[in-house]
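Next comes protein01.cif, a file with mmCIF, C-alpha atoms.
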data_start
loop_
_atom_site.label_atom_id
_atom_site.label_comp_id
_atom_site.auth_asym_id
_atom_site.auth_seq_id
_atom_site.Cartn_x
_atom_site.Cartn_y
_atom_site.Cartn_z
CA MET A 40 3.08 73.28 1.10
CA SER A 41 6.62 71.98 0.94
CA ALA A 42 7.92 68.44 0.97
CA SER A 43 8.23 68.68 4.74
CA THR A 44 4.44 68.72 5.15
CA PRO A 45 3.98 64.96 4.67
CA CYS A 46 6.71 64.44 7.25
CA LEU A 47 4.89 66.62 9.75
CA LEU A 48 1.71 64.75 8.91
CA CYS A 49 3.45 61.44 9.50
CA ALA A 50 4.73 62.60 12.88
CA ALA A 51 1.30 63.94 13.85
CA VAL A 52 -0.37 60.65 12.97
CA ALA A 53 2.14 58.66 14.97
CA ALA A 54 1.87 60.97 17.97
CA ALA A 55 -1.93 60.96 17.94
CA ALA A 56 -2.16 57.24 17.48
CA MET A 57 0.36 56.46 20.17
CA ALA A 58 -1.41 58.80 22.55
CA ALA A 59 -4.70 57.03 21.91
CA PRO A 60 -5.75 54.12 24.14
CA GLN A 61 -4.08 50.93 22.94
CA ASN A 62 -6.35 48.44 24.62
CA ALA A 63 -9.77 47.42 23.48
CA SER A 64 -11.80 49.30 26.05
CA ALA A 65 -15.54 49.80 25.90
CA ARG A 66 -14.94 53.36 24.80
CA ASP A 67 -12.80 52.88 21.74
CA VAL A 68 -14.08 49.60 20.42
CA VAL A 69 -17.02 50.70 18.34
CA LEU A 70 -17.52 48.01 15.79
CA ASP A 71 -21.20 47.96 16.52
CA LYS A 72 -22.81 44.83 15.14
CA GLY A 73 -26.14 46.60 14.88
CA GLN A 74 -27.34 49.30 12.54
CA SER A 75 -26.58 52.96 12.91
CA LEU A 76 -27.00 56.24 11.09
CA TYR A 77 -24.32 58.90 11.16
CA LEU A 78 -23.37 62.33 9.88
CA GLN A 79 -19.88 63.45 8.97
CA LEU A 80 -18.39 66.86 8.30
CA GLU A 81 -14.95 67.05 6.79
CA ALA A 82 -12.23 69.42 5.69
CA PHE A 83 -9.49 68.45 3.28
CA GLY A 84 -6.49 69.83 1.51
CA SER A 85 -3.91 68.64 -0.97
CA ALA A 86 -0.71 69.84 -2.57
CA LEU A 87 2.05 68.56 -4.83
CA ASN A 88 -0.63 66.86 -6.89
CA ASP A 89 0.51 67.37 -10.43
CA ALA A 90 4.09 67.61 -9.27
CA VAL A 91 4.08 63.87 -9.76
CA GLY A 92 5.28 63.58 -13.32
CA GLY A 93 4.16 67.07 -14.28
CA SER A 94 5.26 70.65 -14.19
CA ASN A 95 2.27 72.17 -12.40
CA ILE A 96 2.23 72.36 -8.64
CA THR A 97 -1.46 72.41 -7.92
CA ALA A 98 -3.05 72.67 -4.53
CA SER A 99 -6.61 72.59 -3.32
CA ALA A 100 -8.68 72.86 -0.20
CA GLY A 101 -12.30 72.16 0.50
CA TYR A 102 -14.97 70.77 2.71
CA GLY A 103 -17.77 68.26 2.52
CA GLY A 104 -20.21 66.09 4.34
CA ARG A 105 -21.48 62.56 4.41
CA ALA A 106 -24.67 60.99 5.68
CA GLY A 107 -24.58 57.25 6.02
CA TRP A 108 -25.97 54.00 7.30
CA ARG A 109 -23.76 51.36 8.79
CA ARG A 110 -24.55 47.77 9.61
CA GLY A 111 -21.73 46.02 11.40
CA MET A 112 -18.54 46.64 9.50
CA ILE A 113 -20.11 47.72 6.21
CA GLY A 114 -21.63 51.12 5.54
CA PHE A 115 -23.14 53.09 2.70
CA PHE A 116 -23.29 56.86 2.41
CA ALA A 117 -24.20 59.84 0.27
CA GLU A 118 -21.80 62.76 0.14
CA PHE A 119 -21.17 66.24 -1.16
CA SER A 120 -17.91 68.13 -1.41
CA ARG A 121 -16.75 71.59 -2.43
CA ASP A 122 -13.21 71.60 -3.72
CA HIS A 123 -11.52 74.94 -4.37
CA TRP A 124 -8.62 74.76 -6.80
CA LEU A 125 -5.52 76.87 -6.43
CA MET A 126 -4.22 77.77 -9.88
CA THR A 127 -0.46 78.16 -10.17
CA GLU A 128 0.01 78.35 -13.93
CA VAL A 129 -0.50 82.12 -14.03
CA GLY A 130 -0.55 83.78 -10.63
CA ARG A 131 -2.10 82.13 -7.62
CA ASP A 132 -5.85 82.30 -7.89
CA LEU A 133 -8.16 80.29 -5.70
CA THR A 134 -11.06 79.29 -7.92
CA GLN A 135 -14.54 78.08 -7.11
CA GLY A 136 -13.40 74.66 -8.22
CA VAL A 137 -15.95 71.88 -8.39
CA LEU A 138 -18.97 70.52 -6.58
CA GLY A 139 -19.05 66.77 -6.03
CA LEU A 140 -22.23 64.82 -5.36
CA GLY A 141 -21.98 61.08 -4.96
CA VAL A 142 -22.46 57.85 -3.08
CA GLY A 143 -20.02 55.40 -1.60
CA VAL A 144 -19.29 52.35 0.46
CA GLU A 145 -17.06 51.95 3.48
CA MET A 146 -15.73 49.21 5.67
CA LEU A 147 -14.50 49.33 9.25
CA PHE A 148 -11.87 46.95 10.53
CA ALA A 149 -9.39 46.56 13.38
CA ASP A 150 -12.21 46.89 15.93
CA GLY A 151 -13.52 49.98 14.23
CA ARG A 152 -10.26 51.89 14.50
CA LEU A 153 -9.44 51.74 10.80
CA LYS A 154 -11.63 52.37 7.81
CA THR A 155 -11.42 52.13 4.06
CA SER A 156 -13.89 53.82 1.74
CA ALA A 157 -14.61 54.41 -1.92
CA ALA A 158 -17.02 56.90 -3.42
CA GLY A 159 -17.96 58.22 -6.81
CA GLY A 160 -20.46 60.52 -8.47
CA SER A 161 -20.86 63.71 -10.43
CA SER A 162 -18.34 66.54 -10.48
CA THR A 163 -19.61 69.93 -11.61
CA LEU A 164 -17.40 72.80 -12.67
CA LEU A 165 -18.27 75.95 -10.72
CA PHE A 166 -16.33 78.52 -12.73
CA ASP A 167 -15.77 79.43 -16.36
CA THR A 168 -12.55 78.34 -17.99
CA ALA A 169 -11.16 79.40 -21.34
CA PHE A 170 -12.86 76.47 -23.07
CA HIS A 171 -15.65 75.36 -20.74
CA ASP A 172 -18.67 76.93 -19.11
CA ARG A 173 -19.61 76.80 -15.48
CA GLY A 174 -22.02 73.94 -14.87
CA THR A 175 -20.25 71.42 -17.06
CA THR A 176 -20.57 68.08 -15.29
CA GLY A 177 -18.44 64.97 -15.34
CA PHE A 178 -17.50 62.49 -12.64
CA TYR A 179 -15.21 61.93 -9.69
CA ILE A 180 -13.74 59.00 -7.80
CA ASP A 181 -12.57 59.22 -4.20
CA LEU A 182 -10.54 56.45 -2.54
CA ARG A 183 -9.42 56.54 1.07
CA PRO A 184 -7.56 53.29 1.63
CA VAL A 185 -6.79 53.85 5.31
CA SER A 186 -8.49 56.23 7.70
CA LEU A 187 -7.59 56.30 11.38
CA ARG A 188 -10.54 56.63 13.73
CA PHE A 189 -10.25 58.06 17.22
CA HIS A 190 -13.04 58.16 19.78
CA PRO A 191 -12.56 61.07 22.18
CA ALA A 192 -16.17 60.87 23.36
CA GLU A 193 -19.13 58.52 23.16
CA TRP A 194 -20.87 60.83 20.70
CA LEU A 195 -17.88 61.77 18.57
CA VAL A 196 -15.46 60.07 16.21
CA VAL A 197 -12.49 61.97 14.81
CA GLU A 198 -11.25 60.48 11.61
CA LEU A 199 -8.00 61.21 9.80
CA ALA A 200 -7.31 60.00 6.27
CA PRO A 201 -3.61 60.89 5.88
CA ILE A 202 -3.39 60.31 2.13
CA GLY A 203 -6.34 59.59 -0.13
CA PHE A 204 -6.67 59.55 -3.87
CA THR A 205 -9.25 61.64 -5.71
CA LEU A 206 -9.79 61.90 -9.43
CA GLU A 207 -11.96 64.81 -10.50
CA SER A 208 -13.02 64.95 -14.12
CA PRO A 209 -15.68 67.66 -14.50
CA VAL A 210 -15.08 67.92 -18.24
CA ASN A 211 -14.77 64.88 -20.47
CA GLY A 212 -14.35 64.54 -24.19
CA GLU A 213 -12.41 67.19 -26.08
CA LEU A 214 -10.01 69.18 -23.91
CA ALA A 215 -10.92 67.15 -20.86
CA ILE A 216 -10.12 68.50 -17.44
CA ARG A 217 -8.80 65.77 -15.19
CA ARG A 218 -7.32 66.55 -11.85
CA ILE A 219 -5.65 64.11 -9.49
CA GLU A 220 -5.50 65.04 -5.83
CA TYR A 221 -3.75 63.26 -2.99
CA ARG A 222 -5.82 64.63 -0.13
CA THR A 223 -5.45 64.74 3.60
CA THR A 224 -8.88 64.72 5.20
CA LEU A 225 -9.98 65.40 8.75
CA THR A 226 -13.50 64.32 9.60
CA LEU A 227 -15.85 64.68 12.56
CA GLU A 228 -18.55 62.03 12.87
CA VAL A 229 -21.59 62.04 15.11
CA PRO A 230 -24.16 59.25 15.42
CA LEU A 231 -27.83 60.01 14.88
CA MET B 935 -5.59 72.91 -14.10
CA THR B 936 -4.42 70.29 -16.48
CA ALA B 937 -6.20 69.72 -19.77
CA ARG B 938 -5.44 66.40 -21.37
CA ASP B 939 -6.80 64.57 -24.33
CA SER B 940 -9.44 62.07 -23.39
CA ARG B 941 -8.42 58.46 -23.73
CA PRO B 942 -10.76 55.89 -25.25
CA ASP B 943 -9.77 53.29 -22.69
CA THR B 944 -10.52 55.43 -19.62
CA PRO B 945 -13.67 53.43 -18.65
CA HIS B 946 -11.54 50.30 -18.54
CA ARG B 947 -9.00 51.99 -16.35
CA THR B 948 -11.73 53.28 -14.06
CA ALA B 949 -13.09 49.78 -13.80
CA LEU B 950 -9.61 48.54 -12.99
CA LEU B 951 -9.30 51.13 -10.25
CA TRP B 952 -12.57 50.03 -8.69
CA THR B 953 -11.59 46.38 -8.98
CA ALA B 954 -8.29 47.06 -7.25
CA SER B 955 -10.17 48.84 -4.47
CA ALA B 956 -12.54 45.92 -4.07
CA VAL B 957 -9.65 43.47 -3.86
CA ALA B 958 -7.94 45.64 -1.24
CA ALA B 959 -11.17 45.82 0.76
CA ALA B 960 -11.57 42.04 0.58
CA ALA B 961 -8.00 41.57 1.79
CA ILE B 962 -8.69 43.85 4.73
CA ALA B 963 -11.94 42.04 5.55
CA LEU B 964 -10.17 38.68 5.59
CA ALA B 965 -7.34 39.99 7.71
CA PRO B 966 -6.36 38.02 10.82
CA GLY B 967 -6.20 39.55 14.28
CA PRO B 968 -3.86 42.05 15.87
CA ALA B 969 -0.20 42.13 14.91
CA ALA B 970 1.00 43.65 18.15
CA ALA B 971 4.73 43.55 18.46
CA GLY B 972 6.37 42.39 21.63
CA PRO B 973 8.71 44.83 23.34
CA GLY B 974 12.43 44.56 22.81
CA LYS B 975 12.30 42.92 19.40
CA TRP B 976 14.66 43.23 16.46
CA PHE B 977 13.15 43.16 13.03
CA ALA B 978 14.15 42.98 9.38
CA SER B 979 12.00 43.61 6.36
CA VAL B 980 11.96 43.43 2.59
CA GLU B 981 9.54 45.36 0.44
CA GLY B 982 8.52 46.29 -3.04
CA ASN B 983 6.88 49.62 -3.81
CA PHE B 984 5.58 51.29 -6.91
CA SER B 985 3.52 54.27 -8.07
CA PHE B 986 0.80 53.77 -10.62
CA LEU B 987 -2.34 55.84 -9.89
CA GLY B 988 -1.34 58.94 -11.83
CA GLN B 989 -0.16 56.82 -14.75
CA LEU B 990 -3.39 54.81 -14.64
CA VAL B 991 -5.49 57.94 -14.99
CA SER B 992 -3.39 59.51 -17.72
CA GLY B 993 -3.35 56.31 -19.72
CA GLN B 994 0.33 55.44 -19.45
CA ALA B 995 1.07 51.76 -19.58
CA ALA B 996 4.20 52.05 -17.45
CA LEU B 997 4.64 52.46 -13.73
CA GLY B 998 5.62 55.85 -12.41
CA SER B 999 8.34 54.30 -10.29
CA PHE B 1000 9.46 51.03 -8.77
CA ALA B 1001 11.77 50.24 -5.89
CA TYR B 1002 12.75 47.45 -3.55
CA ARG B 1003 14.02 48.01 -0.06
CA VAL B 1004 15.58 46.16 2.83
CA ALA B 1005 15.45 47.51 6.36
CA GLY B 1006 16.46 46.40 9.81
CA GLY B 1007 15.84 47.89 13.22
CA TYR B 1008 15.00 47.63 16.86
CA ARG B 1009 11.61 48.02 18.49
CA PRO B 1010 11.96 48.66 22.22
CA SER B 1011 8.23 49.39 22.53
CA ALA B 1012 5.63 50.64 20.09
CA PHE B 1013 8.33 53.07 19.02
CA GLU B 1014 11.13 51.86 16.73
CA VAL B 1015 14.29 52.93 14.95
CA PHE B 1016 15.70 51.37 11.82
CA ALA B 1017 18.10 51.68 8.89
CA ALA B 1018 16.98 51.22 5.30
CA VAL B 1019 18.56 50.74 1.89
CA GLU B 1020 16.45 51.17 -1.24
CA HIS B 1021 17.17 50.68 -4.91
CA GLY B 1022 14.81 52.86 -6.91
CA PHE B 1023 13.91 52.98 -10.58
CA TRP B 1024 12.47 56.22 -11.93
CA GLN B 1025 11.12 57.46 -15.21
CA ASP B 1026 13.60 58.54 -17.82
CA ASP B 1027 14.50 62.22 -17.61
CA GLU B 1028 14.51 62.27 -21.43
CA GLY B 1029 10.74 61.93 -21.50
CA SER B 1030 10.02 58.26 -22.14
CA ASP B 1031 8.02 56.03 -19.79
CA ARG B 1032 10.99 53.73 -19.30
CA LEU B 1033 12.24 53.43 -15.70
CA ARG B 1034 15.82 54.14 -16.69
CA ILE B 1035 17.09 56.36 -13.89
CA GLN B 1036 18.27 54.44 -10.83
CA THR B 1037 19.03 55.67 -7.34
CA LEU B 1038 20.42 54.09 -4.21
CA ASP B 1039 18.80 55.53 -1.11
CA VAL B 1040 20.43 54.91 2.26
CA GLY B 1041 18.81 56.32 5.36
CA LEU B 1042 17.65 56.10 8.94
CA GLY B 1043 14.09 56.08 10.11
CA VAL B 1044 11.73 56.18 13.04
CA GLY B 1045 8.40 54.48 13.23
CA GLY B 1046 5.64 53.42 15.50
CA THR B 1047 2.94 50.79 15.65
CA PHE B 1048 -0.46 51.52 17.10
CA PHE B 1049 -4.00 50.18 17.38
CA ASP B 1050 -2.71 46.87 18.82
CA GLY B 1051 -0.04 46.70 16.16
CA ARG B 1052 -2.58 46.76 13.36
CA ALA B 1053 -1.34 50.06 11.96
CA ARG B 1054 2.04 51.68 11.60
CA ALA B 1055 3.55 55.02 10.62
CA GLU B 1056 7.14 55.72 9.72
CA LEU B 1057 9.47 58.42 8.47
CA THR B 1058 12.79 57.78 6.74
CA ALA B 1059 15.43 60.20 5.48
CA GLY B 1060 18.95 59.98 4.22
CA ALA B 1061 21.22 60.13 1.20
CA SER B 1062 20.10 59.49 -2.35
CA ILE B 1063 22.83 58.51 -4.79
CA LEU B 1064 22.37 58.58 -8.55
CA LEU B 1065 23.42 55.24 -10.05
CA THR B 1066 22.89 55.97 -13.71
CA GLN B 1067 23.90 58.67 -16.13
CA SER B 1068 21.20 61.30 -16.57
CA GLN B 1069 21.09 64.00 -19.21
CA LEU B 1070 23.08 66.39 -17.08
CA ASP B 1071 24.56 64.42 -14.21
CA GLU B 1072 27.11 61.72 -13.64
CA PRO B 1073 26.59 58.54 -11.62
CA GLY B 1074 27.66 58.98 -8.02
CA THR B 1075 26.06 62.38 -7.57
CA ALA B 1076 24.46 62.46 -4.13
CA GLY B 1077 21.53 64.32 -2.69
CA PHE B 1078 18.86 63.38 -0.19
CA PHE B 1079 15.52 61.64 0.14
CA ILE B 1080 12.51 61.75 2.48
CA ASP B 1081 9.96 58.97 2.70
CA ALA B 1082 6.80 59.48 4.79
CA ARG B 1083 4.30 56.71 5.49
CA PRO B 1084 1.49 58.02 7.68
CA ALA B 1085 -0.66 54.90 7.74
CA GLY B 1086 0.01 51.27 6.91
CA ILE B 1087 -1.99 48.16 7.74
CA ARG B 1088 -0.29 45.14 9.33
CA TRP B 1089 -1.25 41.48 9.49
CA ARG B 1090 0.54 38.88 11.57
CA VAL B 1091 0.80 35.80 9.39
CA GLY B 1092 3.04 33.73 11.64
CA ASP B 1093 4.83 33.79 14.98
CA HIS B 1094 7.64 35.86 13.54
CA LEU B 1095 6.21 37.08 10.27
CA ILE B 1096 4.18 40.23 9.63
CA ALA B 1097 2.83 41.43 6.29
CA SER B 1098 2.15 45.11 5.75
CA LEU B 1099 0.41 47.18 3.14
CA TYR B 1100 0.97 50.91 2.79
CA PRO B 1101 -1.70 51.97 0.30
CA LEU B 1102 -0.29 55.45 -0.24
CA THR B 1103 3.04 56.83 0.87
CA PHE B 1104 4.87 60.03 -0.01
CA SER B 1105 8.38 59.98 -1.38
CA PHE B 1106 10.66 62.89 -2.23
CA VAL B 1107 13.89 61.72 -3.85
CA ALA B 1108 16.45 64.31 -4.96
CA PRO B 1109 19.72 62.68 -6.01
CA VAL B 1110 20.86 65.93 -7.63
CA THR B 1111 20.36 69.16 -5.70
CA LYS B 1112 22.92 71.46 -7.32
CA GLY B 1113 22.65 73.19 -10.67
CA ILE B 1114 19.50 71.89 -12.30
CA PRO B 1115 18.05 69.58 -9.64
CA LEU B 1116 16.84 66.08 -10.40
CA VAL B 1117 13.84 65.51 -8.14
CA TYR B 1118 11.27 62.74 -8.09
CA VAL B 1119 8.06 63.22 -6.12
CA SER B 1120 5.78 60.22 -5.97
CA TYR B 1121 2.87 58.74 -4.09
CA ARG B 1122 3.64 55.05 -3.84
CA THR B 1123 2.05 51.83 -2.74
CA ALA B 1124 4.28 49.50 -0.71
CA VAL B 1125 4.01 45.84 0.23
CA VAL B 1126 6.27 44.75 3.08
CA CYS B 1127 7.25 41.40 4.56
CA GLU B 1128 8.70 41.76 8.06
CA LEU B 1129 10.55 39.19 10.14
CA GLU B 1130 10.56 39.78 13.88
CA PHE B 1131 13.07 38.08 16.16
#
Rewrite the structure of this file - the entire thing - as structure tokens.
Amino acid sequence: MSASTPCLLCAAVAAAAMAAPQNASARDVVLDKGQSLYLQLEAFGSALNDAVGGSNITASAGYGGRAGWRRGMIGFFAEFSRDHWLMTEVGRDLTQGVLGLGVGVEMLFADGRLKTSAAGGSSTLLFDTAFHDRGTTGFYIDLRPVSLRFHPAEWLVVELAPIGFTLESPVNGELAIRRIEYRTTLTLEVPL
Amino acid sequence: MTARDSRPDTPHRTALLWTASAVAAAAIALAPGPAAAGPGKWFASVEGNFSFLGQLVSGQAALGSFAYRVAGGYRPSAFEVFAAVEHGFWQDDEGSDRLRIQTLDVGLGVGGTFFDGRARAELTAGASILLTQSQLDEPGTAGFFIDARPAGIRWRVGDHLIASLYPLTFSFVAPVTKGIPLVYVSYRTAVVCELEF
């Protein structure tokens, strides 16, 4: 990914948002005051992560899912994620990366069109490194300050988190492995 | 993969990160109603932006970058065009945490508000001019910059005043592009005060 990718992302967000209905119709106002269960499937990718203040240009791509319960504007969820790391130090190998298992909290606002969420849990290394064995487990934190939510159908919500912050730390202590990712995430949500 | 020494104060920094998230969530929850802009409006804004997340995790006390910006433009509809001037402070190219390198970024941008004016995206690009002496380059050297802000939240706090928060933006500032380039890539948080008239 080059530096032009965020620009394309910015343009895509603006185009999608401007194309979406601007008025509070019955279809796109979904801040349900009652309780609801939902499932989410997501795909994400990131690049230029360690380029910020570092010499490595790391990239990653992965997928995940969330199952949650929402009451009014506040929701709670459990999630998993598989994050494959692209190594660029020597060659370009796509590794098994890490498995994340965690819980989180979210909040809808702006009539359910915007969302912020935070999650955290365990992060497990899924491949052997020079110093660490597969299965070593640490923690992760995932912050998505602003997600845009579109409602193309009654039974579907498409959610785009243009830039989120994820800290994965599957190995702590000596020779810790800490990886910062600025992810773009696309999510499909269906109510149960 | 990056292997770094563990820091004894990491739990405190993690707690700080969560606290900051909770404060941001509270601010959003207490937000007033839509900030829809009327058509055919001029606007001017001032902002401060900074990057800190990467530094927070790696245990650096300093910010990754800081900048202030003024912008002015015209909003004929939800779409808008504007000009912006930014004075940026970046980490020393000699390796210290000090924000010694300064740039002046002058550019033009396009933006758009959506979701009843509650959210906004913008893209700015233009010239980036080095203001300070670096290890290899003289002040006055010019390159380019790109600033992408895919999602910001807006609150109308008065008849003519709008506050905005861009939790994460992407900035690519390259005041030196020839020889050995001087390039700063950062994910920044920006707070904006906008006057509409």
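Nearest residue to Asp1031 in chain B among B:Leu997, B:Ala1097, B:Ile1063, B:Val1091 is B:Leu997, counting only C-alpha atoms.
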**Item:** Expansion of the PyMOL selection byres ((chain B and resi 1078) around 8) into residues, as a PyMOL selection string
**Value:** chain B and resi 1039+1059-1063+1076-1077+1079-1080+1107-1109
**Message:** Using Å and a single decimal, report how far CA of Phe1016 in chain B sits from CA of Ala149 in chain A.
**Reply:** 25.6 Å
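The spacing separating CA of Ser1011 in chain B from CA of Arg1122 in chain B amounts to 27.4 Å.
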**Request:** Identify all residues satisfying the PyMOL selection byres ((chain B and resi 983) around 6) in the given file; provide them as a ChimeraX atom specification.
**Result:** /B:982,984,1000-1001,1123-1124
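The shortest atom-to-atom distance to Ser186 in chain A, with only C-alpha atoms taken into account, belongs to B:Tyr1100 out of B:Glu1020, B:Gln1025, B:Tyr1100, B:Leu1038.
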**Request:** Choose the residue, out of B:Gly1041, B:Gly1074, B:Gly998, B:Pro1084, that has the smallest atom-to-atom separation from chain A; count all atoms listed in the file.
**Result:**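 Closest residue, counting all atoms listed in the file: B:Pro1084.
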